[in-house]
>>> print(open('structure.cif').read())   # mmCIF, C-alpha atoms
data_my_file
#
loop_
_atom_site.label_atom_id
_atom_site.label_comp_id
_atom_site.auth_asym_id
_atom_site.auth_seq_id
_atom_site.Cartn_x
_atom_site.Cartn_y
_atom_site.Cartn_z
CA MET Y 9 137.79 42.87 95.80
CA THR Y 10 137.80 43.39 92.02
CA GLN Y 11 138.91 46.39 90.04
CA SER Y 12 135.29 47.31 89.31
CA SER Y 13 134.35 47.51 92.99
CA ALA Y 14 136.00 50.83 93.82
CA PRO Y 15 134.28 52.41 96.84
CA LYS Y 16 132.32 55.50 95.80
CA ASN Y 17 132.30 58.89 97.50
CA ARG Y 18 135.27 57.98 99.66
CA GLU Y 19 137.64 60.55 101.11
CA SER Y 20 140.32 61.68 98.67
CA LEU Y 21 143.32 63.98 98.86
CA PRO Y 22 142.66 67.37 97.15
CA ALA Y 23 143.99 67.83 93.63
CA GLY Y 24 146.85 70.20 92.85
CA VAL Y 25 150.54 70.37 93.73
CA TRP Y 26 151.76 68.74 96.93
CA GLY Y 27 155.32 69.98 97.14
CA VAL Y 28 157.85 67.41 98.31
CA VAL Y 29 160.05 69.30 100.74
CA ALA Y 30 163.83 68.97 100.78
CA THR Y 31 165.62 68.68 104.11
CA PRO Y 32 168.37 71.32 104.14
CA PHE Y 33 171.65 70.62 105.93
CA HIS Y 34 174.40 72.90 107.30
CA GLY Y 35 177.76 72.93 105.50
CA SER Y 36 180.28 70.19 106.21
CA THR Y 37 178.59 68.95 109.39
CA LEU Y 38 175.35 68.22 107.52
CA ASP Y 39 173.28 69.03 110.59
CA VAL Y 40 169.63 69.75 109.78
CA ASP Y 41 169.15 73.44 108.95
CA LEU Y 42 165.78 74.20 110.51
CA ASP Y 43 165.94 77.90 109.62
CA SER Y 44 166.32 77.12 105.90
CA LEU Y 45 163.56 74.54 106.20
CA ALA Y 46 161.20 77.11 107.69
CA GLU Y 47 161.94 79.59 104.89
CA LEU Y 48 161.45 76.92 102.24
CA VAL Y 49 158.01 75.85 103.47
CA GLU Y 50 156.96 79.48 103.87
CA HIS Y 51 157.83 79.94 100.19
CA TYR Y 52 155.72 76.93 99.23
CA GLU Y 53 152.73 78.40 101.03
CA SER Y 54 153.23 81.85 99.49
CA ILE Y 55 153.01 80.50 95.92
CA GLY Y 56 149.77 78.59 96.40
CA THR Y 57 150.78 74.99 96.94
CA THR Y 58 147.87 72.69 97.86
CA GLY Y 59 149.87 70.94 100.56
CA LEU Y 60 153.30 69.65 101.47
CA THR Y 61 154.86 66.22 101.55
CA VAL Y 62 157.47 66.06 104.30
CA LEU Y 63 160.04 63.35 105.03
CA GLY Y 64 159.68 61.78 101.63
CA VAL Y 65 162.44 60.17 99.59
CA PHE Y 66 163.54 63.59 98.35
CA GLY Y 67 163.46 64.81 101.94
CA GLU Y 68 166.17 62.23 102.76
CA ALA Y 69 164.03 60.87 105.56
CA ALA Y 70 165.90 57.56 105.56
CA ALA Y 71 169.11 59.47 106.39
CA LEU Y 72 167.57 61.23 109.41
CA THR Y 73 167.43 60.05 113.00
CA ALA Y 74 164.07 59.76 114.75
CA ASP Y 75 164.84 62.96 116.67
CA GLU Y 76 165.71 64.79 113.45
CA ARG Y 77 162.49 63.64 111.79
CA ARG Y 78 160.55 65.01 114.76
CA ASP Y 79 162.42 68.32 114.60
CA VAL Y 80 161.71 68.60 110.88
CA LEU Y 81 158.01 67.95 111.36
CA GLU Y 82 157.67 70.35 114.25
CA THR Y 83 159.43 73.08 112.27
CA VAL Y 84 157.16 72.56 109.27
CA VAL Y 85 154.04 72.65 111.46
CA GLU Y 86 155.19 75.91 113.04
CA SER Y 87 156.13 77.51 109.71
CA THR Y 88 153.10 76.89 107.51
CA SER Y 89 149.36 76.29 107.76
CA LEU Y 90 149.29 73.90 104.79
CA PRO Y 91 148.04 70.33 105.20
CA LEU Y 92 150.80 67.73 105.39
CA VAL Y 93 151.50 64.29 104.01
CA VAL Y 94 154.31 62.67 105.98
CA GLY Y 95 156.50 60.00 104.44
CA ILE Y 96 157.08 56.70 106.25
CA THR Y 97 160.49 55.19 105.55
CA ALA Y 98 159.98 51.72 107.04
CA LEU Y 99 158.80 48.90 104.80
CA ALA Y 100 158.09 46.53 107.71
CA THR Y 101 154.84 46.88 109.62
CA ARG Y 102 155.90 47.44 113.23
CA PRO Y 103 158.52 50.15 112.56
CA ALA Y 104 156.11 51.79 110.10
CA ILE Y 105 153.50 52.00 112.87
CA GLN Y 106 156.05 53.62 115.17
CA GLU Y 107 156.85 56.23 112.50
CA VAL Y 108 153.16 56.96 111.94
CA ILE Y 109 152.56 57.48 115.66
CA ALA Y 110 155.54 59.84 115.82
CA ALA Y 111 154.17 61.79 112.84
CA GLN Y 112 150.75 62.05 114.48
CA GLU Y 113 152.29 63.35 117.70
CA ALA Y 114 154.31 66.00 115.86
CA ALA Y 115 151.78 67.10 113.23
CA GLY Y 116 148.47 66.62 115.04
CA ALA Y 117 145.41 67.76 113.11
CA ARG Y 118 147.61 69.08 110.30
CA LEU Y 119 148.37 65.52 109.21
CA ALA Y 120 146.31 64.89 106.08
CA ALA Y 121 147.80 61.42 105.53
CA VAL Y 122 150.94 59.35 105.84
CA MET Y 123 152.68 58.13 102.70
CA VAL Y 124 153.39 54.40 102.85
CA GLN Y 125 155.38 52.62 100.17
CA ALA Y 126 154.07 49.54 98.42
CA SER Y 127 156.18 47.02 100.32
CA SER Y 128 155.08 43.80 98.66
CA ALA Y 129 154.16 42.70 95.15
CA ALA Y 130 151.45 40.45 96.62
CA SER Y 131 148.20 42.36 97.09
CA GLU Y 132 147.09 40.25 100.08
CA THR Y 133 150.37 40.93 101.90
CA LEU Y 134 150.24 44.64 101.19
CA ILE Y 135 146.60 44.87 102.31
CA ALA Y 136 147.49 43.13 105.59
CA HIS Y 137 150.38 45.59 106.09
CA LEU Y 138 148.20 48.64 105.48
CA ASP Y 139 145.33 47.28 107.56
CA ALA Y 140 147.67 46.75 110.51
CA ILE Y 141 148.97 50.30 110.24
CA HIS Y 142 145.46 51.74 110.03
CA ARG Y 143 144.11 49.64 112.91
CA ALA Y 144 146.97 50.74 115.14
CA THR Y 145 146.90 54.44 114.24
CA GLY Y 146 143.69 55.36 112.39
CA ALA Y 147 145.83 57.21 109.85
CA ARG Y 148 144.76 57.97 106.30
CA VAL Y 149 147.24 56.65 103.75
CA VAL Y 150 148.78 57.80 100.50
CA LEU Y 151 150.03 54.63 98.83
CA GLN Y 152 153.33 55.25 97.05
CA ASP Y 153 154.38 52.98 94.19
CA TYR Y 154 158.06 53.86 93.76
CA PRO Y 155 160.08 50.72 92.97
CA LEU Y 156 163.34 52.66 92.58
CA ALA Y 157 163.19 53.54 96.28
CA SER Y 158 161.37 50.52 97.74
CA GLY Y 159 162.88 47.77 95.60
CA VAL Y 160 159.36 46.38 95.20
CA THR Y 161 157.57 46.07 91.86
CA ILE Y 162 153.81 45.61 92.06
CA ASN Y 163 151.70 45.38 88.94
CA THR Y 164 148.90 47.86 88.39
CA PRO Y 165 145.97 45.42 88.73
CA ALA Y 166 147.32 44.34 92.12
CA LEU Y 167 147.77 47.97 93.15
CA ILE Y 168 144.17 48.71 92.14
CA SER Y 169 142.88 45.80 94.21
CA VAL Y 170 144.79 47.10 97.24
CA VAL Y 171 143.39 50.62 96.93
CA ASN Y 172 139.84 49.34 96.46
CA ALA Y 173 140.16 47.05 99.48
CA CYS Y 174 141.46 49.80 101.78
CA ASP Y 175 138.97 52.64 102.15
CA TYR Y 176 141.41 54.67 104.27
CA VAL Y 177 143.73 55.07 101.26
CA VAL Y 178 143.07 58.64 100.12
CA ALA Y 179 145.51 58.87 97.20
CA VAL Y 180 148.04 56.98 95.13
CA LYS Y 181 151.42 58.35 94.17
CA ALA Y 182 152.35 56.54 90.97
CA GLU Y 183 156.07 56.55 90.21
CA ALA Y 184 156.58 53.27 88.41
CA PRO Y 185 157.44 53.98 84.75
CA PRO Y 186 155.68 54.28 82.40
CA THR Y 187 153.76 56.48 84.81
CA SER Y 188 151.15 57.70 82.33
CA VAL Y 189 150.10 54.10 81.58
CA ALA Y 190 149.77 53.25 85.27
CA ILE Y 191 147.94 56.50 86.04
CA ALA Y 192 145.44 55.93 83.22
CA GLU Y 193 144.61 52.47 84.58
CA LEU Y 194 144.52 53.61 88.19
CA SER Y 195 142.40 56.71 87.64
CA ALA Y 196 139.83 54.66 85.72
CA ALA Y 197 139.53 52.05 88.46
CA VAL Y 198 139.93 53.79 91.84
CA ASP Y 199 137.87 56.57 93.39
CA VAL Y 200 140.76 58.54 94.90
CA SER Y 201 143.27 61.06 93.59
CA VAL Y 202 146.23 59.69 91.65
CA PHE Y 203 149.35 61.86 91.60
CA GLY Y 204 152.45 61.80 89.48
CA GLY Y 205 155.91 62.41 90.86
CA LEU Y 206 159.44 62.07 89.47
CA GLY Y 207 160.11 65.78 89.40
CA GLY Y 208 157.23 66.56 87.06
CA GLN Y 209 159.05 65.02 84.12
CA GLY Y 210 155.91 63.31 82.82
CA LEU Y 211 153.39 65.80 84.19
CA LEU Y 212 151.61 66.75 80.96
CA ASP Y 213 151.12 63.12 79.92
CA GLU Y 214 150.09 62.22 83.47
CA LEU Y 215 147.41 64.93 83.45
CA LEU Y 216 146.14 63.62 80.12
CA ALA Y 217 146.00 60.16 81.70
CA GLY Y 218 143.84 61.37 84.59
CA ALA Y 219 146.28 62.52 87.27
CA ALA Y 220 144.90 64.85 89.93
CA GLY Y 221 148.16 66.77 90.00
CA ALA Y 222 151.77 66.36 91.10
CA MET Y 223 153.32 65.28 94.38
CA THR Y 224 156.95 65.99 93.74
CA GLY Y 225 159.98 68.20 94.27
CA PHE Y 226 161.21 70.74 91.72
CA SER Y 227 163.28 73.85 92.25
CA TYR Y 228 160.61 75.97 90.51
CA PRO Y 229 157.39 74.60 92.03
CA GLU Y 230 155.66 77.76 90.74
CA ALA Y 231 155.76 76.18 87.28
CA LEU Y 232 154.01 73.01 88.41
CA ILE Y 233 151.32 75.04 90.16
CA SER Y 234 150.74 77.24 87.13
CA CYS Y 235 150.62 74.23 84.82
CA ILE Y 236 147.99 72.42 86.88
CA ARG Y 237 145.88 75.52 87.37
CA ALA Y 238 145.95 76.08 83.61
CA TRP Y 239 144.97 72.46 83.04
CA GLN Y 240 142.03 72.75 85.44
CA GLU Y 241 140.81 76.03 83.97
CA GLU Y 242 141.62 75.79 80.26
CA GLY Y 243 142.95 72.35 79.38
CA TYR Y 244 146.01 70.86 77.75
CA GLU Y 245 147.19 73.68 75.50
CA ALA Y 246 147.25 76.18 78.35
CA ALA Y 247 149.00 73.72 80.66
CA HIS Y 248 151.58 72.98 77.97
CA ARG Y 249 152.23 76.68 77.47
CA GLU Y 250 152.84 77.23 81.18
CA LEU Y 251 155.18 74.28 81.67
CA LEU Y 252 157.15 74.39 78.40
CA PRO Y 253 159.78 76.99 79.42
CA PHE Y 254 160.66 74.92 82.49
CA LEU Y 255 160.93 71.52 80.85
CA PRO Y 256 164.71 71.76 80.20
CA LEU Y 257 165.32 72.37 83.91
CA ILE Y 258 162.88 69.60 84.92
CA ASN Y 259 164.76 67.20 82.66
CA PHE Y 260 168.13 68.43 83.95
CA GLU Y 261 167.13 67.91 87.58
CA GLN Y 262 165.96 64.35 87.00
CA GLN Y 263 169.35 62.91 86.05
CA ALA Y 264 169.83 59.46 87.51
CA LYS Y 265 171.98 59.11 90.65
CA VAL Y 266 172.52 62.86 91.10
CA ALA Y 267 168.95 64.23 90.90
CA LEU Y 268 168.76 64.98 94.62
CA ALA Y 269 172.05 66.89 94.68
CA ILE Y 270 171.17 68.83 91.53
CA ARG Y 271 167.79 69.91 92.86
CA LYS Y 272 169.18 71.01 96.20
CA GLU Y 273 171.88 73.02 94.43
CA CYS Y 274 169.19 74.65 92.27
CA LEU Y 275 167.24 75.51 95.43
CA ARG Y 276 170.39 77.02 96.90
CA GLU Y 277 171.02 79.06 93.76
CA ARG Y 278 167.48 80.39 94.03
CA GLY Y 279 168.12 81.44 97.62
CA LEU Y 280 165.48 79.08 99.00
CA ILE Y 281 167.97 77.16 101.16
CA LYS Y 282 171.42 78.17 102.43
CA ASP Y 283 173.42 75.00 101.65
CA SER Y 284 172.92 72.15 99.24
CA GLY Y 285 174.68 69.25 100.94
CA VAL Y 286 173.25 65.74 100.83
CA ARG Y 287 173.85 62.87 103.21
CA ALA Y 288 175.43 59.60 102.19
CA PRO Y 289 174.70 57.40 100.37
CA ALA Y 290 173.37 60.15 98.08
CA ALA Y 291 175.96 61.45 95.61
CA GLY Y 292 177.08 65.08 95.78
CA PHE Y 293 176.61 67.71 93.11
CA PRO Y 294 178.95 67.15 90.12
CA GLY Y 295 180.83 70.40 89.48
CA SER Y 296 180.98 69.61 85.77
CA LEU Y 297 177.23 70.24 85.57
CA ARG Y 298 177.42 73.80 86.91
CA PRO Y 299 177.57 75.58 83.51
CA GLY Y 300 174.54 73.67 82.26
CA MET Y 301 172.68 74.26 85.49
CA GLY Y 302 173.35 78.00 85.18
CA THR Y 303 171.88 78.04 81.68
CA HIS Y 304 168.72 76.23 82.74
CA LEU Y 305 168.25 78.34 85.85
CA ARG Y 306 168.56 81.56 83.87
CA GLU Y 307 165.93 80.30 81.41
CA ALA Y 308 163.60 79.35 84.26
CA ALA Y 309 164.11 82.70 86.03
CA ARG Y 310 163.26 84.59 82.83
CA ALA Y 311 160.14 82.46 82.37
CA LEU Y 312 159.05 83.11 85.95
CA ASP Y 313 159.62 86.85 85.58
CA ALA Y 314 157.62 86.88 82.35
CA ALA Y 315 154.79 84.94 83.96
CA LYS Y 316 154.59 87.44 86.81
CA THR Y 317 153.86 90.21 84.32
CA THR Y 318 150.94 88.36 82.71
CA ALA Y 319 147.40 87.88 83.95
CA GLY Y 320 147.77 86.40 87.40
CA SER Y 321 150.29 83.65 86.65
CA PHE Y 322 152.04 82.35 89.76
#
>>> encode(input="structure.cif", output="structure tokens")
Amino acid sequence: MTQSSAPKNRESLPAGVWGVVATPFHGSTLDVDLDSLAELVEHYESIGTTGLTVLGVFGEAAALTADERRDVLETVVESTSLPLVVGITALATRPAIQEVIAAQEAAGARLAAVMVQASSAASETLIAHLDAIHRATGARVVLQDYPLASGVTINTPALISVVNACDYVVAVKAEAPPTSVAIAELSAAVDVSVFGGLGGQGLLDELLAGAAGAMTGFSYPEALISCIRAWQEEGYEAAHRELLPFLPLINFEQQAKVALAIRKECLRERGLIKDSGVRAPAAGFPGSLRPGMGTHLREAARALDAAKTTAGSF
């Protein structure tokens, strides 16, 4: 199937912010903290998130047992009415199918799609992988292109051919830098939503390139929501104005190798989770960054407070 043969009027994931949910852990034992998880997803719903992405890379799904993944999903389902995209950690077909079935059992009708990583650079191989998953489960798929996590680099024309060949793919999450270039090519050639990720670091350029929104984690998701609403209603200048005060914190959170630990510590500082521990092999929070983190969090808190006093922001 060629790039020009994108299926028309196919099902597509709604635009907006799909918050990627962290998995909180208890203190030194690092047991899953289901109470904190429930409070976190309730916060996401209260601020107007379009939906949630659970058990993604930022959710440390690969560090959870099958039982823990089920517990996380069941807690999320009980704690919010938002639609869910559930991440699939396996790159191989048979274990991916098992994960999808488990997600369907736990999430039921709330499951909007499963997020499957691009597991091969060869479009034919990837299509066969996705087809097998869909035949076995009937699941809708968000195709995630995230080479840093998967170890797989697929070029954009091949990715386009995969999406156009698989009518059950309802969105693409494009996280292969330069994301704005990939999103521009994808959004022009496929008839489904294309989302940016990577903590919102490239969000403004991704929106200009045709992104439908963001599917990512950030300790102030209110800012991402406000930015995208402003973009939809008023355009670039309004979106820029909403996001600008939070860009230093977005940049701070996206530091290589420690981004996960930084973001969880920011969530803890906000009172959205009780503890900020991460499971190996993720690196812990570097104490030397605490003064800088405090500065950025104070700036973000002031910006959020100011937005709450204006016309309907957040």
>>> resolve_selection(input="structure.cif", expression="the PyMOL selection byres ((chain Y and resi 36) around 10)", output="MDAnalysis selection string")
chainID Y and resid 33:35 37:39 283 285:286
>>> resolve_selection(input="structure.cif", expression="the PyMOL selection byres ((chain Y and resi 254) around 9)", output="PyMOL selection string")
chain Y and resi 228+231+250-253+255-259+304-305+307-308+311
>>> resolve_selection(input="structure.cif", expression="the PyMOL selection byres ((chain Y and resi 21-27) around 10)", output="PyMOL selection string")
chain Y and resi 19-20+28-30+49+52-53+56-62+90-93+120-121+148-150+177-180+200-205+219-226+229-230+232-237+240
>>> closest_residue(input="structure.cif", among="Y:Ser296, Y:Thr303, Y:Ser54, Y:Ser284", to="Thr31 in chain Y", atoms="all atoms listed in the file")
Y:Ser284
>>> closest_residue(input="structure.cif", among="Y:Ile135, Y:Val124, Y:Ala182, Y:Ile55", to="Tyr154 in chain Y", atoms="only C-alpha atoms")
Y:Ala182
>>> closest_residue(input="structure.cif", among="Y:His248, Y:Arg287, Y:Arg306, Y:Lys265", to="Ala71 in chain Y", atoms="all atoms listed in the file")
Y:Arg287
>>> residues_around(input="structure.cif", residues="Pro185 in chain Y", least_positions_apart="4", cutoff="10 Å", atoms="only C-alpha atoms", output="ChimeraX atom specification")
/Y:153-156,189-191,206,210
>>> closest_residue(input="structure.cif", among="Y:Ile141, Y:Glu277, Y:Leu297, Y:Gly64", to="Lys181 in chain Y", atoms="all atoms listed in the file")
Y:Gly64
